[in-house]
file protein.cif (mmCIF, C-alpha atoms; chains and numbers go by the auth columns)
data_data
#
loop_
_atom_site.group_PDB
_atom_site.id
_atom_site.type_symbol
_atom_site.label_atom_id
_atom_site.label_comp_id
_atom_site.label_asym_id
_atom_site.label_seq_id
_atom_site.Cartn_x
_atom_site.Cartn_y
_atom_site.Cartn_z
_atom_site.B_iso_or_equiv
_atom_site.auth_seq_id
_atom_site.auth_asym_id
ATOM 1 C CA MET A 1 40.314 -34.928 10.027 0.00 1 F
ATOM 2 C CA ARG A 2 42.183 -37.375 12.221 0.00 2 F
ATOM 3 C CA THR A 3 45.618 -37.667 13.770 0.00 3 F
ATOM 4 C CA LEU A 4 47.716 -40.832 13.500 0.00 4 F
ATOM 5 C CA GLY A 5 50.086 -41.675 16.351 0.00 5 F
ATOM 6 C CA ILE A 6 53.163 -43.835 15.877 0.00 6 F
ATOM 7 C CA ASP A 7 55.412 -45.616 18.359 0.00 7 F
ATOM 8 C CA TYR A 8 58.395 -46.247 16.069 0.00 8 F
ATOM 9 C CA GLY A 9 60.726 -49.069 17.102 0.00 9 F
ATOM 10 C CA ASP A 10 63.509 -51.278 15.813 0.00 10 F
ATOM 11 C CA SER A 11 61.404 -54.381 15.270 0.00 11 F
ATOM 12 C CA ARG A 12 57.810 -53.241 15.807 0.00 12 F
ATOM 13 C CA CYS A 13 55.722 -50.157 15.229 0.00 13 F
ATOM 14 C CA GLY A 14 52.569 -49.303 17.153 0.00 14 F
ATOM 15 C CA PHE A 15 49.736 -47.236 15.685 0.00 15 F
ATOM 16 C CA ALA A 16 46.879 -45.275 17.234 0.00 16 F
ATOM 17 C CA ILE A 17 44.326 -42.858 15.804 0.00 17 F
ATOM 18 C CA THR A 18 42.012 -40.129 17.044 0.00 18 F
ATOM 19 C CA ASP A 19 38.310 -39.940 16.390 0.00 19 F
ATOM 20 C CA ALA A 20 37.140 -37.473 13.730 0.00 20 F
ATOM 21 C CA LEU A 21 36.903 -34.672 16.327 0.00 21 F
ATOM 22 C CA ASN A 22 40.426 -35.336 17.670 0.00 22 F
ATOM 23 C CA ILE A 23 39.083 -35.896 21.170 0.00 23 F
ATOM 24 C CA THR A 24 39.513 -39.604 21.872 0.00 24 F
ATOM 25 C CA VAL A 25 42.268 -42.024 20.907 0.00 25 F
ATOM 26 C CA GLN A 26 42.103 -45.711 20.078 0.00 26 F
ATOM 27 C CA GLY A 27 44.846 -48.197 19.366 0.00 27 F
ATOM 28 C CA LEU A 28 44.976 -49.693 15.897 0.00 28 F
ATOM 29 C CA GLU A 29 47.687 -52.346 15.815 0.00 29 F
ATOM 30 C CA THR A 30 51.295 -53.319 16.275 0.00 30 F
ATOM 31 C CA LEU A 31 53.135 -54.071 13.054 0.00 31 F
ATOM 32 C CA GLU A 32 56.153 -56.392 12.982 0.00 32 F
ATOM 33 C CA THR A 33 58.682 -54.553 10.824 0.00 33 F
ATOM 34 C CA ASN A 34 62.126 -55.966 11.623 0.00 34 F
ATOM 35 C CA GLY A 35 63.507 -52.505 10.830 0.00 35 F
ATOM 36 C CA ASN A 36 61.858 -52.240 7.394 0.00 36 F
ATOM 37 C CA ASP A 37 60.504 -48.695 7.073 0.00 37 F
ATOM 38 C CA LYS A 38 58.858 -49.575 3.749 0.00 38 F
ATOM 39 C CA LEU A 39 56.382 -51.784 5.629 0.00 39 F
ATOM 40 C CA ILE A 40 55.546 -48.880 7.939 0.00 40 F
ATOM 41 C CA LEU A 41 55.082 -46.447 5.045 0.00 41 F
ATOM 42 C CA LYS A 42 52.820 -48.944 3.278 0.00 42 F
ATOM 43 C CA LYS A 43 50.718 -49.259 6.443 0.00 43 F
ATOM 44 C CA ILE A 44 50.514 -45.471 6.740 0.00 44 F
ATOM 45 C CA ASP A 45 49.336 -45.354 3.113 0.00 45 F
ATOM 46 C CA GLU A 46 46.546 -47.778 4.067 0.00 46 F
ATOM 47 C CA TYR A 47 45.557 -45.639 7.053 0.00 47 F
ATOM 48 C CA CYS A 48 45.546 -42.489 4.900 0.00 48 F
ATOM 49 C CA THR A 49 43.186 -44.255 2.479 0.00 49 F
ATOM 50 C CA THR A 50 40.910 -45.550 5.240 0.00 50 F
ATOM 51 C CA TYR A 51 40.863 -42.457 7.478 0.00 51 F
ATOM 52 C CA GLU A 52 41.055 -38.742 6.728 0.00 52 F
ATOM 53 C CA ILE A 53 44.443 -38.120 8.320 0.00 53 F
ATOM 54 C CA ASP A 54 45.867 -34.608 8.400 0.00 54 F
ATOM 55 C CA THR A 55 48.530 -35.048 11.096 0.00 55 F
ATOM 56 C CA ILE A 56 51.051 -37.757 11.999 0.00 56 F
ATOM 57 C CA VAL A 57 52.645 -37.695 15.450 0.00 57 F
ATOM 58 C CA VAL A 58 55.708 -39.822 16.171 0.00 58 F
ATOM 59 C CA GLY A 59 57.038 -40.537 19.648 0.00 59 F
ATOM 60 C CA MET A 60 60.606 -39.295 20.146 0.00 60 F
ATOM 61 C CA PRO A 61 62.544 -41.592 22.500 0.00 61 F
ATOM 62 C CA PHE A 62 64.759 -39.196 24.438 0.00 62 F
ATOM 63 C CA MET A 63 66.814 -40.520 27.329 0.00 63 F
ATOM 64 C CA LEU A 64 65.563 -39.669 30.820 0.00 64 F
ATOM 65 C CA SER A 65 68.246 -36.949 30.944 0.00 65 F
ATOM 66 C CA GLY A 66 66.666 -35.334 27.879 0.00 66 F
ATOM 67 C CA ASP A 67 69.607 -36.222 25.656 0.00 67 F
ATOM 68 C CA LYS A 68 69.113 -37.875 22.283 0.00 68 F
ATOM 69 C CA SER A 69 69.485 -41.617 22.285 0.00 69 F
ATOM 70 C CA GLU A 70 70.683 -43.631 19.297 0.00 70 F
ATOM 71 C CA ARG A 71 67.042 -44.581 18.814 0.00 71 F
ATOM 72 C CA ALA A 72 66.063 -40.875 18.766 0.00 72 F
ATOM 73 C CA ILE A 73 68.532 -40.255 15.930 0.00 73 F
ATOM 74 C CA LYS A 74 66.985 -43.145 13.949 0.00 74 F
ATOM 75 C CA THR A 75 63.538 -41.746 14.718 0.00 75 F
ATOM 76 C CA GLU A 76 64.563 -38.317 13.398 0.00 76 F
ATOM 77 C CA LYS A 77 65.611 -39.970 10.118 0.00 77 F
ATOM 78 C CA PHE A 78 62.244 -41.744 9.959 0.00 78 F
ATOM 79 C CA ILE A 79 60.431 -38.451 10.577 0.00 79 F
ATOM 80 C CA HIS A 80 62.422 -36.929 7.713 0.00 80 F
ATOM 81 C CA LYS A 81 61.160 -39.756 5.453 0.00 81 F
ATOM 82 C CA LEU A 82 57.608 -39.001 6.567 0.00 82 F
ATOM 83 C CA LYS A 83 58.011 -35.284 5.822 0.00 83 F
ATOM 84 C CA CYS A 84 59.335 -36.071 2.339 0.00 84 F
ATOM 85 C CA LYS A 85 56.641 -38.613 1.475 0.00 85 F
ATOM 86 C CA TYR A 86 53.653 -36.988 3.183 0.00 86 F
ATOM 87 C CA ASN A 87 54.500 -33.343 2.522 0.00 87 F
ATOM 88 C CA LYS A 88 50.826 -32.332 2.541 0.00 88 F
ATOM 89 C CA LEU A 89 50.330 -33.658 6.066 0.00 89 F
ATOM 90 C CA LYS A 90 51.443 -32.086 9.312 0.00 90 F
ATOM 91 C CA ILE A 91 54.265 -34.242 10.745 0.00 91 F
ATOM 92 C CA GLU A 92 55.178 -33.741 14.394 0.00 92 F
ATOM 93 C CA TRP A 93 57.015 -35.504 17.167 0.00 93 F
ATOM 94 C CA ILE A 94 56.374 -35.630 20.874 0.00 94 F
ATOM 95 C CA ASP A 95 58.534 -36.706 23.807 0.00 95 F
ATOM 96 C CA GLU A 96 57.672 -40.321 24.563 0.00 96 F
ATOM 97 C CA ARG A 97 59.816 -40.880 27.635 0.00 97 F
ATOM 98 C CA LEU A 98 58.260 -43.516 29.888 0.00 98 F
ATOM 99 C CA THR A 99 55.366 -44.409 27.560 0.00 99 F
ATOM 100 C CA THR A 100 56.554 -48.013 27.337 0.00 100 F
ATOM 101 C CA VAL A 101 56.812 -48.148 31.137 0.00 101 F
ATOM 102 C CA ALA A 102 53.263 -46.766 31.400 0.00 102 F
ATOM 103 C CA ALA A 103 52.062 -49.290 28.820 0.00 103 F
ATOM 104 C CA HIS A 104 53.552 -52.177 30.824 0.00 104 F
ATOM 105 C CA LYS A 105 51.925 -50.868 34.016 0.00 105 F
ATOM 106 C CA THR A 106 48.569 -50.701 32.240 0.00 106 F
ATOM 107 C CA MET A 107 48.937 -54.255 30.952 0.00 107 F
ATOM 108 C CA ASN A 108 49.877 -55.466 34.453 0.00 108 F
ATOM 109 C CA LEU A 109 46.807 -53.754 35.929 0.00 109 F
ATOM 110 C CA LEU A 110 44.655 -55.406 33.294 0.00 110 F
ATOM 111 C CA GLU A 111 46.374 -58.739 34.009 0.00 111 F
ATOM 112 C CA ILE A 112 47.222 -59.272 30.355 0.00 112 F
ATOM 113 C CA ASN A 113 48.924 -62.579 29.649 0.00 113 F
ATOM 114 C CA LYS A 114 52.709 -62.129 29.357 0.00 114 F
ATOM 115 C CA HIS A 115 52.714 -63.847 25.946 0.00 115 F
ATOM 116 C CA LYS A 116 50.261 -61.255 24.577 0.00 116 F
ATOM 117 C CA LYS A 117 52.124 -58.247 25.994 0.00 117 F
ATOM 118 C CA LYS A 118 54.774 -58.195 23.265 0.00 118 F
ATOM 119 C CA ASN A 119 52.065 -57.925 20.606 0.00 119 F
ATOM 120 C CA ILE A 120 50.251 -54.960 22.142 0.00 120 F
ATOM 121 C CA VAL A 121 52.774 -52.915 24.128 0.00 121 F
ATOM 122 C CA ASP A 122 53.639 -50.776 21.099 0.00 122 F
ATOM 123 C CA THR A 123 49.965 -50.130 20.328 0.00 123 F
ATOM 124 C CA ILE A 124 49.351 -48.998 23.903 0.00 124 F
ATOM 125 C CA SER A 125 52.488 -46.822 23.739 0.00 125 F
ATOM 126 C CA ALA A 126 51.166 -45.246 20.518 0.00 126 F
ATOM 127 C CA VAL A 127 47.904 -44.492 22.343 0.00 127 F
ATOM 128 C CA TYR A 128 49.825 -42.753 25.155 0.00 128 F
ATOM 129 C CA ILE A 129 51.904 -40.789 22.627 0.00 129 F
ATOM 130 C CA LEU A 130 48.800 -39.622 20.794 0.00 130 F
ATOM 131 C CA GLU A 131 46.871 -38.843 23.999 0.00 131 F
ATOM 132 C CA THR A 132 49.781 -36.688 25.171 0.00 132 F
ATOM 133 C CA TYR A 133 49.699 -34.806 21.857 0.00 133 F
ATOM 134 C CA VAL A 134 45.910 -34.340 21.904 0.00 134 F
ATOM 135 C CA ASN A 135 45.962 -33.127 25.514 0.00 135 F
ATOM 136 C CA LYS A 136 48.646 -30.536 24.722 0.00 136 F
ATOM 137 C CA LYS A 137 46.455 -28.820 22.132 0.00 137 F
#

call {"tool": "encode", "arguments": {"input": "protein.cif", "output": "structure tokens"}}
result
Amino acid sequence: MRTLGIDYGDSRCGFAITDALNITVQGLETLETNGNDKLILKKIDEYCTTYEIDTIVVGMPFMLSGDKSERAIKTEKFIHKLKCKYNKLKIEWIDERLTTVAAHKTMNLLEINKHKKKNIVDTISAVYILETYVNKK
């Protein structure tokens, strides 16, 4: 069984997945959503069909102080949707503070073209979210 990681955002959503042993993580894609959760749920349906997913982990965007941001409140509502729709799967969240910063640092180290960064930053963030979850187990 695999774990799906999600970097949930206002306009884009990044996805990552573990291998079948839940040891390694690979990025899947960044989906342009423009705030449409139905597109995200449809994509998750596709991933559930393609992979044997038993857990979904969503990054929770707390502020550096640890307080809930407006985005964290929206993310909680999204997680509630996931729990309602995928009630047979384990749905969890993990603190994602600074994952986007880490993703940008990684892209800078790899000298990724600035025009391509927007399309992959959320995927890389999803990888960091999922790696953090896997390493906590």

call {"tool": "residues_near_point", "arguments": {"input": "protein.cif", "point": "(57.9, -52.4, 7.3)", "cutoff": "12 Å", "atoms": "all atoms listed in the file", "output": "list of chain:residue names"}}
result
F:Tyr8, F:Gly9, F:Asp10, F:Ser11, F:Arg12, F:Cys13, F:Gly14, F:Thr30, F:Leu31, F:Glu32, F:Thr33, F:Asn34, F:Gly35, F:Asn36, F:Asp37, F:Lys38, F:Leu39, F:Ile40, F:Leu41, F:Lys42, F:Lys43, F:Ile44, F:Asp45, F:Phe78

call {"tool": "resolve_selection", "arguments": {"input": "protein.cif", "expression": "the PyMOL selection byres ((chain F and resi 93) around 10)", "output": "PDB file with C-alpha atoms, keeping the file's coordinate frame"}}
result
ATOM      1  CA  GLY F   5      50.086 -41.675  16.351  1.00  0.00           C
ATOM      2  CA  ILE F   6      53.163 -43.835  15.877  1.00  0.00           C
ATOM      3  CA  ILE F  56      51.051 -37.757  11.999  1.00  0.00           C
ATOM      4  CA  VAL F  57      52.645 -37.695  15.450  1.00  0.00           C
ATOM      5  CA  VAL F  58      55.708 -39.822  16.171  1.00  0.00           C
ATOM      6  CA  GLY F  59      57.038 -40.537  19.648  1.00  0.00           C
ATOM      7  CA  MET F  60      60.606 -39.295  20.146  1.00  0.00           C
ATOM      8  CA  PRO F  61      62.544 -41.592  22.500  1.00  0.00           C
ATOM      9  CA  THR F  75      63.538 -41.746  14.718  1.00  0.00           C
ATOM     10  CA  GLU F  76      64.563 -38.317  13.398  1.00  0.00           C
ATOM     11  CA  ILE F  79      60.431 -38.451  10.577  1.00  0.00           C
ATOM     12  CA  ILE F  91      54.265 -34.242  10.745  1.00  0.00           C
ATOM     13  CA  GLU F  92      55.178 -33.741  14.394  1.00  0.00           C
ATOM     14  CA  ILE F  94      56.374 -35.630  20.874  1.00  0.00           C
ATOM     15  CA  ASP F  95      58.534 -36.706  23.807  1.00  0.00           C
ATOM     16  CA  GLU F  96      57.672 -40.321  24.563  1.00  0.00           C
ATOM     17  CA  ILE F 129      51.904 -40.789  22.627  1.00  0.00           C
ATOM     18  CA  LEU F 130      48.800 -39.622  20.794  1.00  0.00           C
ATOM     19  CA  TYR F 133      49.699 -34.806  21.857  1.00  0.00           C
TER      20      TYR F 133
END

call {"tool": "resolve_selection", "arguments": {"input": "protein.cif", "expression": "the PyMOL selection byres ((chain F and resi 55) around 7)", "output": "list in words"}}
result
Arg2, Thr3, Leu4, Ile53, Asp54, Ile56, Val57, Leu89, Lys90 and Ile91 of chain F

call {"tool": "atom_distance", "arguments": {"input": "protein.cif", "atom1": "CA of Tyr128 (chain F)", "atom2": "CA of Lys83 (chain F)"}}
result
22.3 Å

call {"tool": "atom_distance", "arguments": {"input": "protein.cif", "atom1": "CA of Asp122 (chain F)", "atom2": "CA of Leu28 (chain F)"}}
result
10.2 Å

call {"tool": "atom_distance", "arguments": {"input": "protein.cif", "atom1": "CA of Asp7 (chain F)", "atom2": "CA of Thr123 (chain F)"}}
result
7.3 Å

call {"tool": "closest_residue", "arguments": {"input": "protein.cif", "among": "F:Tyr47, F:Met1, F:Thr132, F:Phe62", "to": "Phe15 (chain F)", "atoms": "all atoms listed in the file"}}
result
F:Tyr47

call {"tool": "axis_aligned_box", "arguments": {"input": "protein.cif", "around": "region 67-73 of chain F", "padding_each_side": "5 Å", "output": "JSON"}}
result
{"center_x": 68.4, "center_y": -40.4, "center_z": 20.8, "size_x": 14.6, "size_y": 18.4, "size_z": 19.7}

call {"tool": "closest_residue", "arguments": {"input": "protein.cif", "among": "F:Glu52, F:Glu29, F:Asp67, F:Glu46", "to": "Ser125 (chain F)", "atoms": "all atoms listed in the file"}}
result
F:Glu29

call {"tool": "residues_near_point", "arguments": {"input": "protein.cif", "point": "(40.6, -34.9, 20.2)", "cutoff": "10 Å", "atoms": "all atoms listed in the file", "output": "JSON, numbers by chain"}}
result
{"F": [2, 3, 17, 18, 19, 20, 21, 22, 23, 24, 25, 130, 131, 133, 134, 135, 137]}
